[in-house]
There are 2 protein chains.
Amino acid sequence: MGFEKIKRSEDYSKWYNNIVVNADLAEHSDVRGCMVIKPYGYAIWEKMQQQLDRMFKETGHSNAYFPLFVPKSLFEAEEKNAEGFAKECAVVTHYRLKSDPENKGKLITDPEAKLDEELIVRPTSEAIIWNTYKNWIQSYRDLPILINQWANVVRWEMRTRLFLRTTEFLWQEGHTAHATKNEAIEESEKMLDVYAEFAENYLAIPVIKGVKTPSERFAGAEETYCIEGMMQDGKALQMGTSHFLGQNFAKAFDVKFANKEGKIEHVWATSWGVSTRLMGALIMAHSDDDGLVLPPKLAPIQVVIVPVYKGESELQSISNHVIPIVEQLKNENIYVKYDNRDTQRSGWKFAEYELKGVPLRIVVGPRDIQNNSVEIVRRDTKEKIVVKNENLIQTVVSLLNQIQENIYNKAKEFQNQNIIKTDTWENFVSVIENGGFAYAHWDASPETEEKIKELTKATIRCIPLDNMLENGNCIYSNSPSKQRVLFAKAY
Amino acid sequence: MGFEKIKRSEDYSKWYNNIVVNADLAEHSDVRGCMVIKPYGYAIWEKMQQQLDRMFKETGHSNAYFPLFVPKSLFEAEEKNAEGFAKECAVVTHYRLKSDPENKGKLITDPEAKLDEELIVRPTSEAIIWNTYKNWIQSYRDLPILINQWANVVRWEMRTRLFLRTTEFLWQEGHTAHATKNEAIEESEKMLDVYAEFAENYLAIPVIKGVKTPSERFAGAEETYCIEGMMQDGKALQMGTSHFLGQNFAKAFDVKFANKEGKIEHVWATSWGVSTRLMGALIMAHSDDDGLVLPPKLAPIQVVIVPVYKGESELQSISNHVIPIVEQLKNENIYVKYDNRDTQRSGWKFAEYELKGVPLRIVVGPRDIQNNSVEIVRRDTKEKIVVKNENLIQTVVSLLNQIQENIYNKAKEFQNQNIIKTDTWENFVSVIENGGFAYAHWDASPETEEKIKELTKATIRCIPLDNMLENGNCIYSNSPSKQRVLFAKAY
């Protein structure tokens, strides 16, 4: 196997990339800034999608699909939103190619097929969706509209990293319309809770729920809620956002409704999204120097069975033993793979499934058959457990639950240890330098926020929702402050 | 309700559009040629996706994701493919907007952000995928590669129709790589079988499997297999294609492998796809003048229960009666909706669910409770059946199966009646004019094919796979012919 391990302690960034590429999750394509999501990586993303989709539907949302392209005149209607995304827009200007008269077999853009109005490849869909909602909403009876879309979006990026920051990425974007301000705020908070629940129960990543400062808000939002996770280098990763958009888009697109009293009002909006970035979070939160560590609930292969044998007849007797076990595990809805390929040695397979983060490896050799037992190896702790056949199924089920819990607890403990209350500038700088979240007083001014960012590269990740008010002095300006906020360097 | 019925016999095309829009399936957007797929339409598409995805996985395929954009130099590498799609390409030329200095609040394409190389929005992904496969394939051990992608694609269309022909559409595209020609041909035929099975068992549309004539082949294919369905106006709809691509893409992108003997060879390829066009097929094959008729296997709501009542207390006693029934149906994995809204009359609801094609409507009034029975109305035949409560669940299950079968049989009978052997030009012209498939001799020349198209607008839909060889004379040229082919006007 061509996998050369890189230690997290040596080069965290290279370690990350090395795992993404070697565990067959994704790779850079020849299209600037765009990635190829490989089958194994995509299988994990599909499992995320399934759970999220179920959670969206359980909270009353339906899926729909809106156009990839946004005509420039619609794009610029909500000015703040347009301004926020203008620098990252891929622009379609022509709709035809033609043969290059000077270069046989080559094509050129046909200058006669220039569009009257440029089309923007959606960086986000508020504009196109609110332009559509306009025709769907007349009365309070048409509200709420609770729609989600699974889609690709494009934001031109100069520096890209697989999953974390790519020019094209996959995501879901919820767009809802409401009759009242309160209902819209409740919706944005509800969806933040859905994201937090997904992060903690499926990704096994503890998150902090909070709101962004005005300067970190989504362009066009009145309030941006977020969940922030801590990676193993102590840096923050924004894992999902939910925006209360006020009436900004309703005003930009003139979306009004008659309320129960017959009065005409503008509609209230939210939007919320998570993306393939979550793949990056998953990898960075749990993996170790040997490769990926997957939470069992999202692992495409939860259990791999590897035979250890000499010669065809030994393999045959092992297979006779293993095949009923495979069936039993499948009946318990466990994703199991029996890797009886004779083209690879068992040692190679052990390393391969370790690299790919398969939660449990079951090893079966001739002696195990004699002893009526198998050896199970946990990916998270590397612990080896010898189990009698009669206890195998219940042990596997229980171990998968334990692993899910264990990797969450480990990440939670790490997070607890690395969120540090700081009350001096020196301490603040050192927390940020060493990797960690500094929980510090801030004078609530954008100038201070900007200055701290300049000096330390730390941004305010969020003002935690469960924050206690506490009088103090700003870590930087020493001006009075009413509460602490979370600072960190971020992906 | 604002739904004005249009009869098929009056204007088939308007009838179609009227149903698509009023049954809340889709609508035109303000983006030229692009549609919005509304929640009810998207729910049907999701059900199609689920089944197809399961079938692809059961035949050994995995999903992955490749970039939306194709750099021009990659796009033009396979010349026939490039030539075939060049006229339909949306071209990204810039990656940034900026404020319009002459028009406050407006944006213009930033001329300084012109791309060195244009990006084509994928009309199909062979180029980008084979450019990627190049790095994945060295030896026969790396083969086969069996990958599918669910994606959006863009083909610039001048005349669009909802679902049938839109500039952007959703589809799946399988792209496989093989060590031998035979294996690749087998794969293309296997996937055609998957499509045919899906069409017949889920969409309830009988299809004819065949191969395209050279002039109708996919650009870059050696052979294009297809399934063709017949719509209620006798016109054909190509419902899916599977292409044997030979070594064309492997040669264009220099994808070679070492075979078991160590010899270096080019890889063999297939690709295959179905799209949101299938929504159009579904609508046109089964629906009637009252609206959509959905096959139960793809209906988002299979059974709707409508209470008929006067006053709150009657509704309450009906609800007490209905809620256990809803639970029982859900336990049988039946998608049931109890519509107890008091904002709409029951007559309105009847028409609404008829329009939306819900296979079974259960009506419950006070007398039904007394009689310990309910009334069931079939969407396909409009038949009313009074059922005792104790037989309700089994009757519903059985009726759903009957409807699935009945609408297939009806479509099959219609197809049988409208595939007509023609042996004279007059008869041929009249079959095509009246709407139907003409099964006629053809001299196998592209010139004749073209001439017939000019004169009658009929194209050769396919040469059926189960064709018998039969000597005869070409319907147009009178030249010798070895077999009949299927001609029809098509969507």
# chains A, B, ... in the order shown; residues from 1 in each chain; ligands from 1
>>> residues_around(residues="B:Tyr309", least_positions_apart="3", cutoff="12 Å", atoms="only C-alpha atoms", output="count of residues only")
23
>>> closest_atom_pairs(of="chain B", to="chain A", cutoff="7 Å", atoms="only C-alpha atoms", output="CSV")
residue,atom,partner,partner_atom,distance
B:Val31,CA,A:Pro71,CA,6.5
B:Cys34,CA,A:Pro67,CA,6.0
B:Met35,CA,A:Pro67,CA,6.5
B:Val36,CA,A:Phe66,CA,4.8
B:Ile37,CA,A:Tyr65,CA,5.0
B:Lys38,CA,A:Ala64,CA,5.2
B:Pro39,CA,A:Ala64,CA,4.7
B:Tyr42,CA,A:Ala64,CA,5.4
B:Ser62,CA,A:Pro39,CA,5.9
B:Asn63,CA,A:Pro39,CA,5.6
B:Ala64,CA,A:Pro39,CA,4.7
B:Tyr65,CA,A:Ile37,CA,5.0
B:Phe66,CA,A:Val36,CA,4.8
B:Pro67,CA,A:Cys34,CA,6.0
B:Phe69,CA,A:Val31,CA,6.9
B:Val70,CA,A:Val31,CA,6.9
B:Pro71,CA,A:Val31,CA,6.5
B:Glu76,CA,A:Lys106,CA,6.4
B:Glu79,CA,A:Gly105,CA,6.7
B:Ala86,CA,A:Leu97,CA,5.0
B:Lys87,CA,A:Arg96,CA,4.8
B:Glu88,CA,A:Arg96,CA,5.6
B:Cys89,CA,A:Arg96,CA,4.9
B:Ala90,CA,A:Tyr95,CA,4.3
B:Val91,CA,A:His94,CA,5.2
B:Val92,CA,A:Val92,CA,4.2
B:Thr93,CA,A:Val92,CA,6.3
B:His94,CA,A:Val91,CA,5.2
B:Tyr95,CA,A:Ala90,CA,4.3
B:Arg96,CA,A:Lys87,CA,4.8
B:Leu97,CA,A:Ala86,CA,4.9
B:Lys98,CA,A:Ala86,CA,6.3
B:Gly105,CA,A:Glu79,CA,6.7
B:Lys106,CA,A:Glu76,CA,6.4
B:Leu107,CA,A:Glu76,CA,6.8
B:Trp156,CA,A:Tyr95,CA,6.5
>>> residues_around(residues="A:Glu470", least_positions_apart="6", cutoff="10 Å", atoms="only C-alpha atoms", output="list of chain:residue names")
A:His441, A:Ser481, A:Lys482, A:Gln483, A:Arg484
>>> write_last_selection(atoms="N, CA and C atoms", output="PDB file, in the first residue's frame")
ATOM      1  N   HIS A 441     -13.933  38.637  27.527  1.00  0.00           N
ATOM      2  CA  HIS A 441     -14.787  39.826  27.439  1.00  0.00           C
ATOM      3  C   HIS A 441     -14.454  40.646  26.204  1.00  0.00           C
ATOM      4  N   SER A 481     -17.579  45.588  29.468  1.00  0.00           N
ATOM      5  CA  SER A 481     -18.191  44.532  28.672  1.00  0.00           C
ATOM      6  C   SER A 481     -19.273  43.871  29.512  1.00  0.00           C
ATOM      7  N   LYS A 482     -20.327  43.406  28.858  1.00  0.00           N
ATOM      8  CA  LYS A 482     -21.437  42.792  29.590  1.00  0.00           C
ATOM      9  C   LYS A 482     -21.387  41.268  29.545  1.00  0.00           C
ATOM     10  N   GLN A 483     -20.582  40.737  28.594  1.00  0.00           N
ATOM     11  CA  GLN A 483     -20.520  39.275  28.521  1.00  0.00           C
ATOM     12  C   GLN A 483     -19.251  38.826  27.792  1.00  0.00           C
ATOM     13  N   ARG A 484     -18.899  37.575  28.020  1.00  0.00           N
ATOM     14  CA  ARG A 484     -17.774  36.973  27.310  1.00  0.00           C
ATOM     15  C   ARG A 484     -18.252  36.419  25.971  1.00  0.00           C
TER      16      ARG A 484
END
>>> select_by_dssp(residues="stretch 187-333 of chain B", states="strand (DSSP E)", output="JSON, numbers by chain")
{"B": [207, 208, 209, 210, 211, 223, 224, 225, 226, 227, 228, 229, 230, 236, 237, 238, 239, 240, 241, 242, 243, 244, 245, 246, 256, 257, 258, 264, 265, 266, 268, 269, 270, 271, 272, 273, 274, 275, 303, 304, 305, 306, 307]}
>>> atom_distance(atom1="atom CA of A:Ser287", atom2="atom CA of A:Leu329")
25.5 Å
>>> residues_around(residues="B:Ala196", least_positions_apart="6", cutoff="12 Å", atoms="only C-alpha atoms", output="list of chain:residue names")
B:Leu52, B:Met55, B:Glu189, B:Lys190, B:Tyr202, B:Leu203, B:Ala204, B:Ile205, B:Pro206, B:Val207, B:Ile208, B:Lys209, B:Gly210, B:Tyr225, B:Cys226, B:Ile227, B:Glu228, B:Gly229, B:Gln238, B:Met239, B:Gly240, B:Thr241, B:Ser242, B:Val274
>>> residues_around(residues="stretch 211-223 of chain A", least_positions_apart="6", cutoff="9 Å", atoms="only C-alpha atoms", output="PyMOL selection string")
chain A and resi 78-85+185+241-249+270-271+444+446+449+459-465
>>> residues_around(residues="B:Ala440", least_positions_apart="5", cutoff="10 Å", atoms="only C-alpha atoms", output="PDB file with C-alpha atoms, in the first residue's frame")
ATOM      1  CA  ILE B 420     -48.933  -0.589 -36.632  1.00  0.00           C
ATOM      2  CA  LYS B 421     -47.202  -2.577 -39.304  1.00  0.00           C
ATOM      3  CA  THR B 422     -47.249  -0.433 -42.422  1.00  0.00           C
ATOM      4  CA  ASP B 423     -46.278  -1.546 -45.872  1.00  0.00           C
ATOM      5  CA  THR B 424     -47.401   1.368 -48.024  1.00  0.00           C
ATOM      6  CA  TRP B 425     -46.288   4.987 -47.916  1.00  0.00           C
ATOM      7  CA  PHE B 428     -47.254   5.020 -43.128  1.00  0.00           C
ATOM      8  CA  ILE B 460     -36.612   6.182 -36.234  1.00  0.00           C
ATOM      9  CA  GLY B 472     -38.922  -6.572 -47.431  1.00  0.00           C
ATOM     10  CA  ASN B 473     -38.792  -3.240 -49.210  1.00  0.00           C
ATOM     11  CA  CYS B 474     -38.143   0.174 -47.711  1.00  0.00           C
ATOM     12  CA  ILE B 475     -41.346   2.077 -47.034  1.00  0.00           C
ATOM     13  CA  TYR B 476     -39.911   5.160 -48.706  1.00  0.00           C
ATOM     14  CA  SER B 481     -34.599  -4.097 -46.404  1.00  0.00           C
ATOM     15  CA  GLN B 483     -35.871  -5.696 -41.027  1.00  0.00           C
ATOM     16  CA  ARG B 484     -38.583  -3.337 -39.872  1.00  0.00           C
ATOM     17  CA  VAL B 485     -37.840  -0.425 -37.547  1.00  0.00           C
ATOM     18  CA  LEU B 486     -40.091   1.793 -35.423  1.00  0.00           C
ATOM     19  CA  PHE B 487     -40.923   5.269 -36.728  1.00  0.00           C
TER      20      PHE B 487
END
>>> select_by_dssp(residues="stretch 208-389 of chain B", states="alpha helix (DSSP H)", output="PyMOL selection string")
chain B and resi 248-252+277-286+311-331+346-355+366-371
>>> write_last_selection(atoms="C-alpha atoms", output="PDB file, in the first residue's frame")
ATOM      1  CA  ASN B 248     -13.430   6.648 -27.739  1.00  0.00           C
ATOM      2  CA  PHE B 249     -13.097   8.404 -24.408  1.00  0.00           C
ATOM      3  CA  ALA B 250     -10.207   6.228 -23.286  1.00  0.00           C
ATOM      4  CA  LYS B 251      -8.340   7.263 -26.430  1.00  0.00           C
ATOM      5  CA  ALA B 252      -9.270  10.932 -26.109  1.00  0.00           C
ATOM      6  CA  ARG B 277     -37.982  13.811 -18.271  1.00  0.00           C
ATOM      7  CA  LEU B 278     -39.415  10.665 -16.713  1.00  0.00           C
ATOM      8  CA  MET B 279     -41.789  12.982 -14.853  1.00  0.00           C
ATOM      9  CA  GLY B 280     -43.139  14.043 -18.222  1.00  0.00           C
ATOM     10  CA  ALA B 281     -43.529  10.424 -19.271  1.00  0.00           C
ATOM     11  CA  LEU B 282     -45.366   9.571 -16.082  1.00  0.00           C
ATOM     12  CA  ILE B 283     -47.799  12.431 -16.552  1.00  0.00           C
ATOM     13  CA  MET B 284     -48.457  11.891 -20.240  1.00  0.00           C
ATOM     14  CA  ALA B 285     -48.810   8.124 -20.103  1.00  0.00           C
ATOM     15  CA  HIS B 286     -51.542   7.839 -17.487  1.00  0.00           C
ATOM     16  CA  GLY B 311     -70.120  20.816  12.590  1.00  0.00           C
ATOM     17  CA  GLU B 312     -67.305  20.274  15.002  1.00  0.00           C
ATOM     18  CA  SER B 313     -68.748  17.313  16.903  1.00  0.00           C
ATOM     19  CA  GLU B 314     -69.400  15.251  13.785  1.00  0.00           C
ATOM     20  CA  LEU B 315     -65.814  15.887  12.686  1.00  0.00           C
ATOM     21  CA  GLN B 316     -64.654  14.805  16.125  1.00  0.00           C
ATOM     22  CA  SER B 317     -66.472  11.494  15.985  1.00  0.00           C
ATOM     23  CA  ILE B 318     -65.231  10.868  12.432  1.00  0.00           C
ATOM     24  CA  SER B 319     -61.673  11.647  13.524  1.00  0.00           C
ATOM     25  CA  ASN B 320     -61.957   9.188  16.411  1.00  0.00           C
ATOM     26  CA  HIS B 321     -62.958   6.614  13.856  1.00  0.00           C
ATOM     27  CA  VAL B 322     -60.299   7.532  11.284  1.00  0.00           C
ATOM     28  CA  ILE B 323     -57.180   7.932  13.398  1.00  0.00           C
ATOM     29  CA  PRO B 324     -56.804   4.198  14.202  1.00  0.00           C
ATOM     30  CA  ILE B 325     -57.277   3.460  10.489  1.00  0.00           C
ATOM     31  CA  VAL B 326     -54.469   5.901   9.631  1.00  0.00           C
ATOM     32  CA  GLU B 327     -52.201   4.111  12.094  1.00  0.00           C
ATOM     33  CA  GLN B 328     -53.052   0.705  10.670  1.00  0.00           C
ATOM     34  CA  LEU B 329     -52.339   1.871   7.124  1.00  0.00           C
ATOM     35  CA  LYS B 330     -49.026   3.398   8.194  1.00  0.00           C
ATOM     36  CA  ASN B 331     -48.078   0.099   9.778  1.00  0.00           C
ATOM     37  CA  SER B 346     -65.026  18.129   0.947  1.00  0.00           C
ATOM     38  CA  GLY B 347     -65.996  18.642  -2.713  1.00  0.00           C
ATOM     39  CA  TRP B 348     -62.997  20.881  -3.182  1.00  0.00           C
ATOM     40  CA  LYS B 349     -60.809  18.222  -1.597  1.00  0.00           C
ATOM     41  CA  PHE B 350     -62.178  15.500  -3.875  1.00  0.00           C
ATOM     42  CA  ALA B 351     -61.272  17.533  -6.949  1.00  0.00           C
ATOM     43  CA  GLU B 352     -57.887  18.482  -5.512  1.00  0.00           C
ATOM     44  CA  TYR B 353     -56.765  14.893  -4.855  1.00  0.00           C
ATOM     45  CA  GLU B 354     -58.161  13.807  -8.196  1.00  0.00           C
ATOM     46  CA  LEU B 355     -56.054  16.514  -9.842  1.00  0.00           C
ATOM     47  CA  PRO B 366     -71.478   9.897   9.948  1.00  0.00           C
ATOM     48  CA  ARG B 367     -73.490   7.188   8.226  1.00  0.00           C
ATOM     49  CA  ASP B 368     -70.315   5.243   7.459  1.00  0.00           C
ATOM     50  CA  ILE B 369     -69.523   5.130  11.145  1.00  0.00           C
ATOM     51  CA  GLN B 370     -72.989   3.792  11.879  1.00  0.00           C
ATOM     52  CA  ASN B 371     -72.617   1.165   9.175  1.00  0.00           C
TER      53      ASN B 371
END
>>> atom_distance(atom1="atom CA of B:Pro144", atom2="atom CA of A:Val304")
22.2 Å
>>> atom_distance(atom1="atom CA of B:Glu126", atom2="atom CA of B:Asn182")
20.0 Å
>>> closest_residue(among="A:Asn418, A:Thr381, A:Asn467, A:Asn135", to="A:Asp290", atoms="only C-alpha atoms")
A:Thr381
>>> residues_around(residues="stretch 260-264 of chain B", least_positions_apart="6", cutoff="10 Å", atoms="only C-alpha atoms", output="PyMOL selection string")
chain B and resi 138-141+179
